[in-house]
Every structure is written in C-alpha cells, then in structure tokens.
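Asker: The file below is model_4.txt, compact mmCIF, C-alpha atoms:
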# COMPACT_ATOMS: atom_id res chain seq x y z
CA MET A 1 4.62 -7.18 -28.02
CA GLY A 2 7.74 -9.09 -27.08
CA GLU A 3 8.51 -10.26 -23.54
CA ILE A 4 8.16 -8.25 -20.34
CA LEU A 5 10.66 -7.80 -17.52
CA PHE A 6 8.93 -7.04 -14.23
CA LEU A 7 11.06 -5.44 -11.49
CA ALA A 8 9.77 -5.17 -7.92
CA HIS A 9 11.28 -3.84 -4.70
CA ARG A 10 9.54 -6.64 -2.78
CA ALA A 11 8.73 -10.08 -4.18
CA PRO A 12 5.02 -10.02 -5.12
CA TRP A 13 4.08 -13.16 -3.20
CA PRO A 14 2.31 -13.69 -0.88
CA PRO A 15 -0.13 -10.81 -1.50
CA ASP A 16 -0.50 -10.09 2.21
CA ARG A 17 0.37 -6.39 2.40
CA GLY A 18 -0.50 -3.32 0.36
CA ASP A 19 2.43 -3.23 -2.06
CA ARG A 20 2.46 -6.98 -2.66
CA ILE A 21 -1.29 -7.09 -3.25
CA ARG A 22 -0.95 -4.58 -6.07
CA SER A 23 2.26 -6.00 -7.53
CA TRP A 24 0.88 -9.57 -7.54
CA HIS A 25 -2.29 -8.66 -9.42
CA VAL A 26 -0.39 -6.45 -11.87
CA LEU A 27 2.13 -9.25 -12.47
CA ARG A 28 -0.66 -11.75 -13.13
CA ALA A 29 -2.28 -9.33 -15.58
CA LEU A 30 1.01 -8.84 -17.43
CA ALA A 31 1.59 -12.60 -17.54
CA SER A 32 -1.76 -12.97 -19.32
CA MET A 33 -0.53 -10.58 -22.03
CA ALA A 34 2.96 -11.89 -22.74
CA THR A 35 5.87 -13.95 -21.47
CA VAL A 36 7.12 -12.36 -18.26
CA HIS A 37 10.43 -12.46 -16.41
CA VAL A 38 10.53 -11.20 -12.83
CA ALA A 39 13.41 -9.83 -10.74
CA ALA A 40 12.63 -8.78 -7.18
CA PHE A 41 14.01 -8.38 -3.71
CA ALA A 42 12.98 -10.25 -0.57
CA ASP A 43 13.30 -8.92 2.95
CA HIS A 44 14.79 -12.19 4.24
CA GLU A 45 15.41 -15.80 3.24
CA GLU A 46 12.01 -17.02 4.40
CA ASP A 47 10.34 -14.48 2.08
CA ARG A 48 12.53 -15.59 -0.80
CA ALA A 49 11.79 -19.28 -0.23
CA THR A 50 8.05 -18.59 -0.08
CA ALA A 51 7.93 -16.44 -3.21
CA GLN A 52 10.35 -18.23 -5.53
CA PRO A 53 8.31 -21.37 -6.34
CA VAL A 54 5.14 -19.37 -7.04
CA LEU A 55 6.97 -16.94 -9.32
CA ASP A 56 8.73 -19.85 -11.06
CA ARG A 57 5.34 -21.26 -12.04
CA LEU A 58 3.95 -17.97 -13.29
CA CYS A 59 6.98 -16.52 -15.10
CA ARG A 60 9.48 -17.72 -17.69
CA THR A 61 12.33 -16.85 -15.33
CA SER A 62 12.43 -15.47 -11.81
CA HIS A 63 15.21 -13.99 -9.72
CA VAL A 64 14.45 -13.28 -6.07
CA GLU A 65 17.33 -11.79 -4.10
CA VAL A 66 17.50 -11.20 -0.37
CA ARG A 67 18.12 -7.50 0.23
CA THR A 68 21.22 -6.97 2.36
CA ALA A 69 21.86 -3.21 2.19
CA SER A 70 21.96 -1.56 5.62
CA ARG A 71 20.90 2.00 6.37
CA ALA A 72 24.48 2.93 7.22
CA GLY A 73 25.80 1.41 4.00
CA ALA A 74 23.05 3.04 1.98
CA ALA A 75 23.88 6.44 3.49
CA ILE A 76 27.57 6.04 2.65
CA ARG A 77 26.73 5.24 -0.97
CA THR A 78 24.03 7.85 -1.56
CA LEU A 79 24.96 10.97 0.42
CA PRO A 80 28.09 11.87 -1.62
CA ARG A 81 26.00 11.55 -4.78
CA LEU A 82 23.07 13.55 -3.34
CA GLN A 83 20.81 10.56 -3.96
CA PRO A 84 17.84 9.52 -1.81
CA LEU A 85 18.57 7.00 0.91
CA SER A 86 15.68 4.89 -0.43
CA LEU A 87 17.76 4.22 -3.53
CA GLY A 88 20.75 2.97 -1.59
CA LEU A 89 18.64 0.60 0.50
CA PHE A 90 17.88 -1.31 -2.70
CA GLY A 91 21.28 -1.04 -4.37
CA SER A 92 22.66 -4.36 -5.63
CA ALA A 93 25.34 -5.21 -8.18
CA THR A 94 23.90 -8.73 -8.39
CA MET A 95 20.47 -7.41 -9.33
CA ALA A 96 21.98 -5.09 -11.93
CA GLU A 97 23.95 -7.98 -13.47
CA HIS A 98 20.87 -10.18 -13.62
CA VAL A 99 18.81 -7.46 -15.33
CA ASP A 100 21.59 -6.92 -17.86
CA LEU A 101 21.67 -10.67 -18.55
CA ILE A 102 17.91 -10.86 -19.16
CA LEU A 103 17.94 -7.79 -21.41
CA SER A 104 20.83 -9.14 -23.46
CA THR A 105 19.52 -12.71 -23.87
CA ARG A 106 15.72 -12.33 -24.11
CA PRO A 107 13.51 -10.37 -26.55
CA ILE A 108 12.39 -7.87 -23.90
CA SER A 109 10.14 -5.18 -25.39
CA HIS A 110 8.81 -3.78 -22.07
CA VAL A 111 10.29 -3.17 -18.65
CA PHE A 112 7.70 -2.65 -15.94
CA ALA A 113 9.28 -1.29 -12.74
CA PHE A 114 7.24 -1.42 -9.55
CA SER A 115 8.27 1.24 -6.98
CA CYS A 116 10.69 3.98 -7.91
CA GLN A 117 13.71 2.32 -6.24
CA MET A 118 13.73 -0.24 -9.07
CA ALA A 119 14.22 2.37 -11.80
CA GLN A 120 17.95 2.35 -11.03
CA PHE A 121 18.17 -1.11 -12.65
CA VAL A 122 16.74 -0.03 -16.01
CA PRO A 123 19.87 0.72 -18.08
CA ALA A 124 20.00 3.82 -20.23
CA ARG A 125 20.74 1.65 -23.26
CA PHE A 126 17.34 -0.08 -23.05
CA SER A 127 15.45 1.01 -26.17
CA GLY A 128 12.11 -0.64 -25.48
CA THR A 129 9.13 0.63 -23.52
CA PHE A 130 9.75 1.58 -19.89
CA VAL A 131 6.65 1.70 -17.66
CA MET A 132 7.21 3.05 -14.13
CA ASP A 133 4.61 2.19 -11.50
CA PHE A 134 5.40 4.66 -8.73
CA VAL A 135 2.23 3.57 -6.89
CA ASP A 136 2.38 6.62 -4.59
CA VAL A 137 4.24 9.93 -4.56
CA ASP A 138 6.72 8.70 -1.94
CA SER A 139 8.53 12.02 -1.71
CA ALA A 140 5.32 13.65 -0.44
CA LYS A 141 5.18 11.08 2.37
CA PHE A 142 8.68 11.96 3.59
CA SER A 143 7.90 15.65 3.37
CA ALA A 144 4.82 15.04 5.52
CA TYR A 145 6.98 13.17 8.04
CA ALA A 146 9.30 16.18 8.24
CA ARG A 147 6.39 18.53 8.90
CA ASP A 148 5.16 16.29 11.71
CA ASP A 149 8.57 15.79 13.36
CA GLY A 150 9.46 18.00 16.29
CA ALA A 151 11.35 21.19 15.49
CA LEU A 152 14.44 19.94 17.35
CA SER A 153 14.26 16.35 16.12
CA PRO A 154 17.17 15.30 13.86
CA MET A 155 14.64 13.15 11.95
CA ARG A 156 12.99 16.35 10.76
CA TYR A 157 16.05 17.18 8.68
CA ILE A 158 16.61 13.60 7.55
CA HIS A 159 13.03 13.28 6.35
CA ALA A 160 13.11 16.71 4.69
CA TYR A 161 16.30 15.77 2.84
CA GLU A 162 14.85 12.44 1.75
CA GLY A 163 11.68 14.11 0.51
CA TRP A 164 13.69 16.67 -1.47
CA ARG A 165 16.06 14.18 -3.08
CA LEU A 166 13.35 11.60 -3.73
CA ALA A 167 11.21 14.22 -5.47
CA ALA A 168 14.12 15.01 -7.80
CA TRP A 169 14.63 11.29 -8.49
CA GLU A 170 10.91 10.78 -9.20
CA ARG A 171 10.91 13.63 -11.72
CA MET A 172 14.02 12.34 -13.47
CA VAL A 173 12.64 8.79 -13.71
CA ALA A 174 9.25 9.98 -14.98
CA HIS A 175 10.83 12.08 -17.73
CA ARG A 176 12.85 9.05 -18.79
CA ALA A 177 9.95 6.55 -18.67
CA ASN A 178 7.44 6.20 -21.48
CA LEU A 179 4.64 6.09 -18.94
CA SER A 180 4.29 6.65 -15.19
CA LEU A 181 1.49 5.02 -13.20
CA PHE A 182 -0.03 5.86 -9.82
CA VAL A 183 -2.55 4.12 -7.60
CA SER A 184 -5.18 6.86 -7.71
CA GLU A 185 -6.11 9.87 -9.76
CA ALA A 186 -5.35 12.06 -6.72
CA GLU A 187 -1.75 10.76 -6.65
CA ALA A 188 -1.41 11.12 -10.42
CA ALA A 189 -2.72 14.70 -10.30
CA LEU A 190 -0.30 15.58 -7.49
CA PHE A 191 2.60 14.23 -9.52
CA ARG A 192 1.54 16.05 -12.66
CA GLN A 193 1.51 19.26 -10.65
CA ARG A 194 4.97 18.54 -9.20
CA SER A 195 6.56 17.36 -12.46
CA GLY A 196 4.86 19.53 -15.07
CA MET A 197 3.96 16.40 -17.06
CA ASP A 198 0.53 15.80 -18.58
CA CYS A 199 -2.06 13.02 -18.71
CA SER A 200 -0.47 11.40 -21.76
CA ARG A 201 2.49 10.23 -19.66
CA VAL A 202 1.13 10.18 -16.09
CA ARG A 203 -1.88 7.93 -15.52
CA ALA A 204 -3.76 6.21 -12.70
CA ILE A 205 -4.32 2.46 -12.40
CA GLU A 206 -6.25 1.91 -9.21
CA ASN A 207 -5.99 -0.94 -6.75
CA GLY A 208 -8.77 -3.49 -6.65
CA ILE A 209 -10.05 -6.09 -4.24
CA ASP A 210 -10.53 -9.86 -4.50
CA LEU A 211 -14.31 -9.89 -4.18
CA ASP A 212 -14.50 -13.67 -3.71
CA HIS A 213 -11.90 -13.77 -0.95
CA PHE A 214 -13.25 -10.71 0.89
CA ARG A 215 -17.03 -11.08 1.06
CA PRO A 216 -19.70 -11.13 3.74
CA GLY A 217 -20.02 -14.56 5.32
CA CYS A 218 -16.68 -15.82 3.95
CA VAL A 219 -15.53 -16.82 7.45
CA ASP A 220 -17.28 -17.66 10.69
CA SER A 221 -17.53 -14.85 13.21
CA PRO A 222 -19.20 -16.09 16.40
CA ALA A 223 -20.57 -13.36 18.65
CA ASP A 224 -18.60 -13.19 21.88
CA GLY A 225 -20.77 -10.75 23.82
CA GLU A 226 -17.76 -8.89 25.21
CA GLY A 227 -18.69 -5.45 23.97
CA PRO A 228 -18.31 -3.49 20.73
CA LEU A 229 -15.22 -4.45 18.70
CA ILE A 230 -13.32 -1.75 16.77
CA VAL A 231 -10.66 -3.10 14.38
CA PHE A 232 -7.62 -1.65 12.64
CA THR A 233 -5.56 -3.76 10.22
CA GLY A 234 -2.13 -3.01 8.80
CA GLN A 235 1.62 -3.54 8.83
CA MET A 236 2.49 -2.45 12.34
CA ASP A 237 6.10 -1.39 11.85
CA TYR A 238 5.00 1.24 9.30
CA ARG A 239 5.14 4.75 10.71
CA PRO A 240 1.71 6.03 9.54
CA ASN A 241 0.04 2.94 11.02
CA ILE A 242 1.93 3.27 14.30
CA GLU A 243 0.94 6.93 14.60
CA ALA A 244 -2.66 6.11 13.64
CA VAL A 245 -3.25 3.50 16.36
CA SER A 246 -1.28 5.44 18.98
CA GLY A 247 -3.35 8.55 18.33
CA PHE A 248 -6.59 6.56 18.33
CA VAL A 249 -5.82 4.99 21.72
CA ARG A 250 -4.73 8.34 23.15
CA ASP A 251 -7.42 10.64 21.75
CA THR A 252 -10.43 8.71 20.44
CA LEU A 253 -10.83 5.54 22.45
CA PRO A 254 -11.26 7.37 25.80
CA LEU A 255 -14.17 9.34 24.27
CA ILE A 256 -15.82 6.10 23.17
CA ALA A 257 -15.20 4.49 26.57
CA VAL A 258 -17.25 7.19 28.30
CA ARG A 259 -20.33 5.89 26.50
CA HIS A 260 -19.20 2.28 26.01
CA PRO A 261 -16.68 1.26 28.66
CA ASP A 262 -16.75 -2.32 27.33
CA ALA A 263 -15.59 -1.27 23.82
CA ARG A 264 -12.48 -3.05 22.56
CA PHE A 265 -9.90 -1.92 20.02
CA ALA A 266 -8.01 -4.64 18.12
CA ILE A 267 -4.78 -3.77 16.30
CA VAL A 268 -4.36 -6.58 13.78
CA GLY A 269 -1.13 -6.87 11.81
CA ARG A 270 2.37 -8.23 11.66
CA ALA A 271 5.56 -6.82 13.19
CA PRO A 272 4.10 -4.56 15.90
CA THR A 273 6.84 -2.33 17.30
CA PRO A 274 7.47 -2.04 21.05
CA GLU A 275 5.49 1.22 20.93
CA VAL A 276 2.48 -0.63 19.50
CA ARG A 277 2.82 -3.61 21.86
CA ALA A 278 2.83 -1.20 24.80
CA LEU A 279 -0.73 -0.20 23.88
CA ALA A 280 -2.05 -3.67 24.76
CA GLY A 281 -4.17 -3.66 27.88
CA GLN A 282 -4.88 0.07 27.83
CA LEU A 283 -8.64 0.66 27.68
CA ARG A 284 -9.21 -2.91 26.43
CA VAL A 285 -6.70 -2.68 23.58
CA ILE A 286 -5.74 -5.94 21.84
CA VAL A 287 -2.50 -6.25 19.84
CA THR A 288 -2.60 -9.49 17.85
CA GLY A 289 0.71 -9.45 16.00
CA GLU A 290 0.74 -11.45 12.77
CA VAL A 291 -2.39 -13.50 12.12
CA PRO A 292 -2.87 -16.16 9.42
CA ASP A 293 -5.99 -14.41 8.13
CA THR A 294 -7.38 -10.96 8.91
CA ARG A 295 -10.87 -11.84 7.72
CA PRO A 296 -12.14 -13.31 11.01
CA TRP A 297 -11.22 -10.05 12.75
CA LEU A 298 -12.92 -8.00 10.05
CA ALA A 299 -16.00 -10.21 10.16
CA ALA A 300 -16.21 -9.81 13.94
CA ALA A 301 -15.76 -6.04 13.85
CA ASP A 302 -18.63 -3.73 14.72
CA VAL A 303 -16.58 -0.93 13.13
CA VAL A 304 -13.35 -0.88 11.11
CA VAL A 305 -11.28 2.29 11.47
CA ALA A 306 -8.52 3.96 9.45
CA PRO A 307 -7.46 7.02 11.49
CA LEU A 308 -4.33 7.77 9.45
CA ALA A 309 -2.95 11.29 9.43
CA VAL A 310 -0.57 10.45 6.55
CA ALA A 311 -1.89 8.19 3.79
CA ARG A 312 -0.94 7.86 0.15
CA GLY A 313 -3.02 6.36 -2.61
CA VAL A 314 -5.68 3.72 -2.04
CA GLN A 315 -5.83 2.05 1.37
CA ASN A 316 -6.29 -1.70 0.85
CA LYS A 317 -7.43 -2.03 4.46
CA LEU A 318 -10.50 0.02 3.58
CA LEU A 319 -11.27 -1.93 0.41
CA GLU A 320 -11.05 -5.21 2.34
CA ALA A 321 -13.34 -4.07 5.15
CA MET A 322 -15.88 -2.57 2.76
CA ALA A 323 -15.87 -5.69 0.55
CA MET A 324 -16.74 -7.71 3.65
CA GLY A 325 -19.68 -5.44 4.30
CA ARG A 326 -18.30 -3.82 7.43
CA PRO A 327 -19.06 -0.21 8.41
CA VAL A 328 -15.91 1.91 8.13
CA VAL A 329 -14.88 5.18 9.77
CA SER A 330 -11.87 6.80 8.13
CA SER A 331 -9.77 9.91 8.37
CA PRO A 332 -9.94 12.25 5.35
CA ALA A 333 -6.38 11.28 4.36
CA ALA A 334 -7.14 7.54 4.28
CA ALA A 335 -10.44 8.01 2.45
CA GLU A 336 -9.07 10.34 -0.22
CA GLY A 337 -8.19 7.59 -2.69
CA ILE A 338 -11.47 5.67 -2.26
CA ASP A 339 -14.29 6.35 -4.72
CA ALA A 340 -17.17 6.01 -2.26
CA MET A 341 -19.95 8.20 -0.92
CA PRO A 342 -19.24 9.58 2.59
CA GLY A 343 -22.18 9.11 4.91
CA ARG A 344 -23.61 6.25 2.87
CA GLU A 345 -20.79 3.81 2.04
CA LEU A 346 -18.33 4.92 4.75
CA ARG A 347 -17.96 7.71 7.27
CA VAL A 348 -15.16 10.27 7.19
CA ALA A 349 -14.13 11.96 10.43
CA ALA A 350 -11.58 14.78 10.62
CA THR A 351 -11.10 14.91 14.41
CA ALA A 352 -10.95 12.50 17.33
CA ARG A 353 -14.29 13.79 18.56
CA GLU A 354 -15.94 13.28 15.16
CA MET A 355 -14.47 9.79 14.85
CA ALA A 356 -15.68 8.84 18.33
CA ASP A 357 -19.16 10.18 17.59
CA ASP A 358 -19.34 8.27 14.29
CA ILE A 359 -18.22 5.02 15.93
CA ILE A 360 -20.72 5.43 18.78
CA ALA A 361 -23.52 6.14 16.29
CA ILE A 362 -22.70 2.97 14.33
CA VAL A 363 -22.48 0.81 17.44
CA GLU A 364 -25.80 2.10 18.75
CA ASP A 365 -27.72 1.71 15.47
CA PRO A 366 -27.23 -1.85 14.15
CA ALA A 367 -29.73 -1.35 11.35
CA ALA A 368 -27.87 1.71 10.02
CA ALA A 369 -24.56 -0.13 10.42
CA LEU A 370 -25.90 -3.06 8.39
CA ALA A 371 -27.16 -0.71 5.67
CA MET A 372 -23.79 1.04 5.46
CA GLY A 373 -21.97 -2.28 5.20
CA GLN A 374 -24.29 -3.47 2.44
CA ALA A 375 -23.83 -0.21 0.54
CA ALA A 376 -20.06 -0.53 0.90
CA ARG A 377 -20.12 -4.07 -0.49
CA THR A 378 -22.28 -2.97 -3.42
CA ARG A 379 -19.82 -0.15 -4.17
CA MET A 380 -16.87 -2.56 -4.12
CA GLU A 381 -18.65 -4.91 -6.52
CA ALA A 382 -19.46 -2.08 -8.91
CA ARG A 383 -16.12 -0.33 -8.80
CA TYR A 384 -13.20 -2.26 -7.34
CA GLY A 385 -12.93 -5.82 -8.66
CA TRP A 386 -9.41 -6.41 -9.96
CA ASP A 387 -10.70 -7.27 -13.44
CA ALA A 388 -12.30 -3.83 -13.62
CA THR A 389 -9.43 -1.79 -12.20
CA LEU A 390 -6.77 -3.51 -14.33
CA ALA A 391 -8.84 -3.59 -17.52
CA PRO A 392 -7.09 -0.46 -18.92
CA LEU A 393 -3.61 -1.92 -18.32
CA SER A 394 -3.17 -3.64 -21.68
CA ARG A 395 -4.35 -0.56 -23.59
CA ILE A 396 -2.16 1.73 -21.50
CA ILE A 397 0.93 -0.40 -22.04
CA ALA A 398 0.27 -0.75 -25.76
CA GLY A 399 -0.20 3.02 -25.96
CA ALA A 400 3.04 3.66 -24.10
CA ALA A 401 4.91 1.80 -26.80
CA ALA A 402 3.37 3.88 -29.58
As structure tokens, what does this structure read like?

Answerer:
Amino acid sequence: MGEILFLAHRAPWPPDRGDRIRSWHVLRALASMATVHVAAFADHEEDRATAQPVLDRLCRTSHVEVRTASRAGAAIRTLPRLQPLSLGLFGSATMAEHVDLILSTRPISHVFAFSCQMAQFVPARFSGTFVMDFVDVDSAKFSAYARDDGALSPMRYIHAYEGWRLAAWERMVAHRANLSLFVSEAEAALFRQRSGMDCSRVRAIENGIDLDHFRPGCVDSPADGEGPLIVFTGQMDYRPNIEAVSGFVRDTLPLIAVRHPDARFAIVGRAPTPEVRALAGQLRVIVTGEVPDTRPWLAAADVVVAPLAVARGVQNKLLEAMAMGRPVVSSPAAAEGIDAMPGRELRVAATAREMADDIIAIVEDPAAALAMGQAARTRMEARYGWDATLAPLSRIIAGAAA
C-alpha cells in the first residue's frame, strides 16, 4: 500500500458530533496503516483553527478549508446541471486544486472519501483505489423529508428533487468507486437494493463507541431531588432532532406529566434553533445549548430518549447513553441500526403512548432500570468498541485494491 488521501466534508476534529466521531476514528485507523494526507472543509474559521493543529500532528499533510458556498450560489451552480444542491454546497476550486496537487506529487494509492459530497474531488484520471464512505443513504433522508412536508409546502418539492438527484449521484459514485461503505448493514442493504450492486462492492463498517470515555461512573452526577430527568442529546439545528424533541414535548411529555408532574426533559446539544429554544419552560423543559461535556447530563438521566421519526444508520447518542449504563427508550427508526435486544438492553416504542408508558415504567422501577443499563453496557463492551467495529477496515481496503 502506498499513501492514503482522506477527504471529508467536515474536518474530523473535535469528534463531538456524529459525522466527526466516525470520521475521526476512521482517520486514526487509516493513519495506523499508512501515511495519510487529509483535505477537509470547516464550517467556520474557529473550526478550522481547532482542527488544523491536531490533523497536522496525525497526518503527513493537512488542508482544512473554510466552506464559503451559500445555498443561493449552490443552487445557481447545480440546478442547470441537474445536480443535487448538496454537491454545490461543498463546491470549491481551491479544494480541487489541492487534491490535484497531492495526487500529482505524492504516491497516493488510495483515496478514501467521507460523505458523498467529497466524491466530486476525486478526478477521473485517478487510477488507484477509491473507497467511498457514504455513511448513510442521504437521498432516502431527503425523500423522507418530502413525504413529511405539507402537501402545499414548497419544501416538499425541493426535498423531493434533492432526494431524486442525490440518489442518481450516489449510484454514479458507487459504480465508479472500488468499494462503498455504510454505517450499518441496514443502510448497506437499502443501497444494494437501490443500486443493484452486490456485497462485493457495498459493505457495512459500523460506528463504535469510546468505552473508556463513556462508562458508568466516569463523571460525578449528584442527585438533585427535583424529579425524574429525561434526556435527549444531539445537534439541535438538525431537522430530525428538532422534529424529535418538538414531537416529544407536544405528544409524549404531557402523558408522562399526568403520572409524574415533576418530570423534567433536558434537550442537550449545540445550536438550538428558535423553535427548540421556544420549548424551554414548557412542562419543565430545559434547553441547554452547547455544553462542554454531555456525560454529566447522561449520568444524571433517569431515562435517555431518542424519539426520532427519521433516522439513518447508527445513532451515536444511543451508543453513548448505553455505554454509560443508562436505560434508553428509542423510536423504531433510531433503534434500527443498533444491534441490541429490545426489552432487555433498550426499549423501543412506536407511539407517543408507548414511549410514555416505557418511560414511566423505568422511572417507577429503579431495579429494572439498573438492570437494563447494566445489560446495555455489557452489550456495548461486547459489540461496539471502536477496535472491534473497525477491525475489518484494513482487510476491506486491501480487498478493494485487488
């Protein structure tokens, strides 16, 4: 194996959100196999300044570029070409020039692209091994958005168009790549069905969890005696998370409050939108905004919830809570990518009523809650350490080059 060029739509440091958690651990694994060069975008200058020194230490070269494309500019570039808007949002001549420079001056044998937007920077002339980590089937997410939008909403047509064009882009990229990766077998199977490709070129590499960082007792969690605490963690400007907490406050929390009027619901995560902030104060809802560490909130939680209607792949928020030995109640969509036993290692609730009943049952039976948390931790140790989930990566990459 020669050297590896790693392309990412968001700089993989710090690993404080779902995509960066996966990209950081994959990048570290690749760096243990060969010399790695990284080229990535940052959302703003502060992100770039934070990521650059860490990537400089890990990689032979690193290029972190602040993304400047606007939605309007992206639409102007992509609509005439019938390309997905997602592609235009990450368009950059500077990034393309840097990739060309690395490919022409370094012995790059493998390009590993993280997130399908980055495939546009892999030139057709590259003759080495191209590995595409799609993570999720993003086109399915936009199609789900379109189904959920109101019939008269203009966003319904925008999301439907994006889902259609992105699906075509995903298929084209996968047929060009030597190997396509997804975060779960469910996502990989969905893509095989959509693309007509088989297991030899479409594989799953699952997310893992840092079992030392997320473990029972890793942080202090003093009891406050203020009533049961229900916790949701996530990036709070992300549509599925916004819809999840809004629906929980509207439909589920009032059912819990009938039995436990002192129950609190904490929404823990950065960048809460005005819609999310407006939930604060309703039925003892807490909106924290960005916190330096989510673990104290998880440790304090009587129940961790994931009531997502739209969820792709493996939900890191569930892995983190389960690794810390907390009882979890999840929607079927959020639990789909988790290899765990419903009823023993987590609970899965399809309706607001079922979710409320499960939460109430956990709150009112501390012994059962403790047993579920312990079973969840045991499952994470057996199944989801990063060393275990990424163990097939070197064999998969070597096989892709064959």

Asker: Do a neighbour search on His44 (chain A) at 10 Å with all atoms listed in the file, toss out local chain neighbours closer than 3 positions, and write the hits as an mmCIF file with C-alpha atoms, keeping the file's coordinate frame.

Answerer:
data_model
loop_
_atom_site.group_PDB
_atom_site.id
_atom_site.type_symbol
_atom_site.label_atom_id
_atom_site.label_comp_id
_atom_site.auth_asym_id
_atom_site.auth_seq_id
_atom_site.Cartn_x
_atom_site.Cartn_y
_atom_site.Cartn_z
ATOM 1 C CA PHE A 41 14.010 -8.380 -3.710
ATOM 2 C CA ASP A 47 10.340 -14.480 2.080
ATOM 3 C CA ARG A 48 12.530 -15.590 -0.800
ATOM 4 C CA ALA A 49 11.790 -19.280 -0.230
ATOM 5 C CA GLU A 65 17.330 -11.790 -4.100
ATOM 6 C CA VAL A 66 17.500 -11.200 -0.370
ATOM 7 C CA ARG A 67 18.120 -7.500 0.230
ATOM 8 C CA THR A 68 21.220 -6.970 2.360
#

Asker: Please provide as a PyMOL selection string all residues within 10 Å of Ala266 (chain A), with the sequence filter that same-chain residues fewer than 2 positions apart are discarded (counting only C-alpha atoms).

Answerer: chain A and resi 229-233+245+264+268-269+280+284-288+297+301+304

Asker: Write the selection just made, keeping C-alpha atoms, as a short mmCIF file (atom, residue, chain, number, x, y, z; two decimals), in the coordinates of the input?

Answerer:
data_model
loop_
_atom_site.label_atom_id
_atom_site.label_comp_id
_atom_site.auth_asym_id
_atom_site.auth_seq_id
_atom_site.Cartn_x
_atom_site.Cartn_y
_atom_site.Cartn_z
CA LEU A 229 -15.22 -4.45 18.70
CA ILE A 230 -13.32 -1.75 16.77
CA VAL A 231 -10.66 -3.10 14.38
CA PHE A 232 -7.62 -1.65 12.64
CA THR A 233 -5.56 -3.76 10.22
CA VAL A 245 -3.25 3.50 16.36
CA ARG A 264 -12.48 -3.05 22.56
CA VAL A 268 -4.36 -6.58 13.78
CA GLY A 269 -1.13 -6.87 11.81
CA ALA A 280 -2.05 -3.67 24.76
CA ARG A 284 -9.21 -2.91 26.43
CA VAL A 285 -6.70 -2.68 23.58
CA ILE A 286 -5.74 -5.94 21.84
CA VAL A 287 -2.50 -6.25 19.84
CA THR A 288 -2.60 -9.49 17.85
CA TRP A 297 -11.22 -10.05 12.75
CA ALA A 301 -15.76 -6.04 13.85
CA VAL A 304 -13.35 -0.88 11.11
#

Asker: Nearest to Leu7 (chain A) among A:Ala367, A:Ala69, A:Ala29, A:Met132, with distances taken over all atoms listed in the file: which residue is it?

Answerer: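 Checking each candidate against Leu7 (chain A), we get A:Met132 as the closest.
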
Asker: Need to verify the contact set: Gly208 (chain A), 6 Å, all atoms listed in the file, exclusion of same-chain residues closer than 4 positions in sequence. Can you return it as a PDB file with C-alpha atoms, in the coordinates of the input?

Answerer:
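Below is the file that was written, result_14.pdb:
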ATOM      1  CA  TYR A 384     -13.200  -2.260  -7.340  1.00  0.00           C
ATOM      2  CA  GLY A 385     -12.930  -5.820  -8.660  1.00  0.00           C
ATOM      3  CA  TRP A 386      -9.410  -6.410  -9.960  1.00  0.00           C
ATOM      4  CA  THR A 389      -9.430  -1.790 -12.200  1.00  0.00           C
TER       5      THR A 389
END

Asker: Report as a VMD selection string all protein, DNA and RNA residues lying within 8 Å of Ser86 (chain A), evaluated on only C-alpha atoms, omitting residues in the same chain fewer than 2 positions from it.

Answerer: chain A and resid 74 84 88 to 90 117 162 166

Asker: Which one is closest to Ala391 (chain A): A:Trp13, A:Gln193, A:Gly128, A:Asn207? Count all atoms listed in the file.

Answerer: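 Distance minimum relative to Ala391 (chain A) lands on A:Asn207.
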
Asker: Near Met172 (chain A), counting only C-alpha atoms, which residues have an atom at most 12 Å away, once you skip same-chain residues fewer than 6 positions from it, shown as a PyMOL selection string?

Answerer: chain A and resi 83+116+119-120+132+165-166+180+194-197

Asker: Taking only C-alpha atoms into account, which of A:Asn241, A:Thr378, A:Gln235, A:Ser184 comes nearest Glu336 (chain A)?

Answerer: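 When distances to Glu336 (chain A) are compared using only C-alpha atoms, the smallest one comes from A:Ser184.
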
Asker: Could you work out how far CA of Phe114 (chain A) lies from CA of Met33 (chain A), giving the answer in Å with one decimal?

Answerer: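 Computing the Euclidean distance for CA of Met33 (chain A) and CA of Phe114 (chain A) yields 17.3 Å.
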
Asker: Between CA of Asp100 (chain A) and CA of Ser139 (chain A), what is the distance in Å, rounded to a tenth?

Answerer: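 Result for CA of Asp100 (chain A) versus CA of Ser139 (chain A): 28.1 Å, one decimal.
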
Asker: How big is the axis-aligned box, and where does its centre sit, when it encloses all atoms of region 276-282 of chain A listed in the file and has 5 Å added on every side, reported in Å to one decimal as JSON?

Answerer:
{"center_x": -1.0, "center_y": -1.8, "center_z": 23.7, "size_x": 17.7, "size_y": 13.7, "size_z": 18.4}

Asker: To one decimal place, how far is CA of Val276 (chain A) from CA of Lys317 (chain A) in Å?

Answerer: 18.1 Å

Asker: Using only C-alpha atoms, pick whichever of A:Pro154, A:Ala361, A:Asp16, A:Met324 has the shortest atom-to-atom distance to Asp293 (chain A).

Answerer: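 Closest candidate: A:Asp16.
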
Asker: Just checking: using all atoms listed in the file, which residue out of A:Phe121, A:Phe214, A:Phe191, A:Tyr157 ends up closest to Asp136 (chain A)?

Answerer: A:Phe191

Asker: Using all atoms listed in the file, pick whichever of A:Met118, A:Ala96, A:Met355, A:Leu85 has the shortest atom-to-atom distance to Tyr161 (chain A).

Answerer: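 Under the stated criterion, the closest residue is A:Leu85.
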
Asker: Taking (17.8, -9.1, -9.0) in the file's own coordinates, collect the residues within 7 Å, counting all atoms listed in the file, and hand them back as a VMD selection string.

Answerer: chain A and resid 39 to 41 63 to 65 94 to 96 98 to 99

Asker: Keeping only C-alpha atoms, write the selected residues to a file as a PDB file, keeping the file's coordinate frame.

Answerer:
ATOM      1  CA  ALA A  39      13.410  -9.830 -10.740  1.00  0.00           C
ATOM      2  CA  ALA A  40      12.630  -8.780  -7.180  1.00  0.00           C
ATOM      3  CA  PHE A  41      14.010  -8.380  -3.710  1.00  0.00           C
ATOM      4  CA  HIS A  63      15.210 -13.990  -9.720  1.00  0.00           C
ATOM      5  CA  VAL A  64      14.450 -13.280  -6.070  1.00  0.00           C
ATOM      6  CA  GLU A  65      17.330 -11.790  -4.100  1.00  0.00           C
ATOM      7  CA  THR A  94      23.900  -8.730  -8.390  1.00  0.00           C
ATOM      8  CA  MET A  95      20.470  -7.410  -9.330  1.00  0.00           C
ATOM      9  CA  ALA A  96      21.980  -5.090 -11.930  1.00  0.00           C
ATOM     10  CA  HIS A  98      20.870 -10.180 -13.620  1.00  0.00           C
ATOM     11  CA  VAL A  99      18.810  -7.460 -15.330  1.00  0.00           C
TER      12      VAL A  99
END
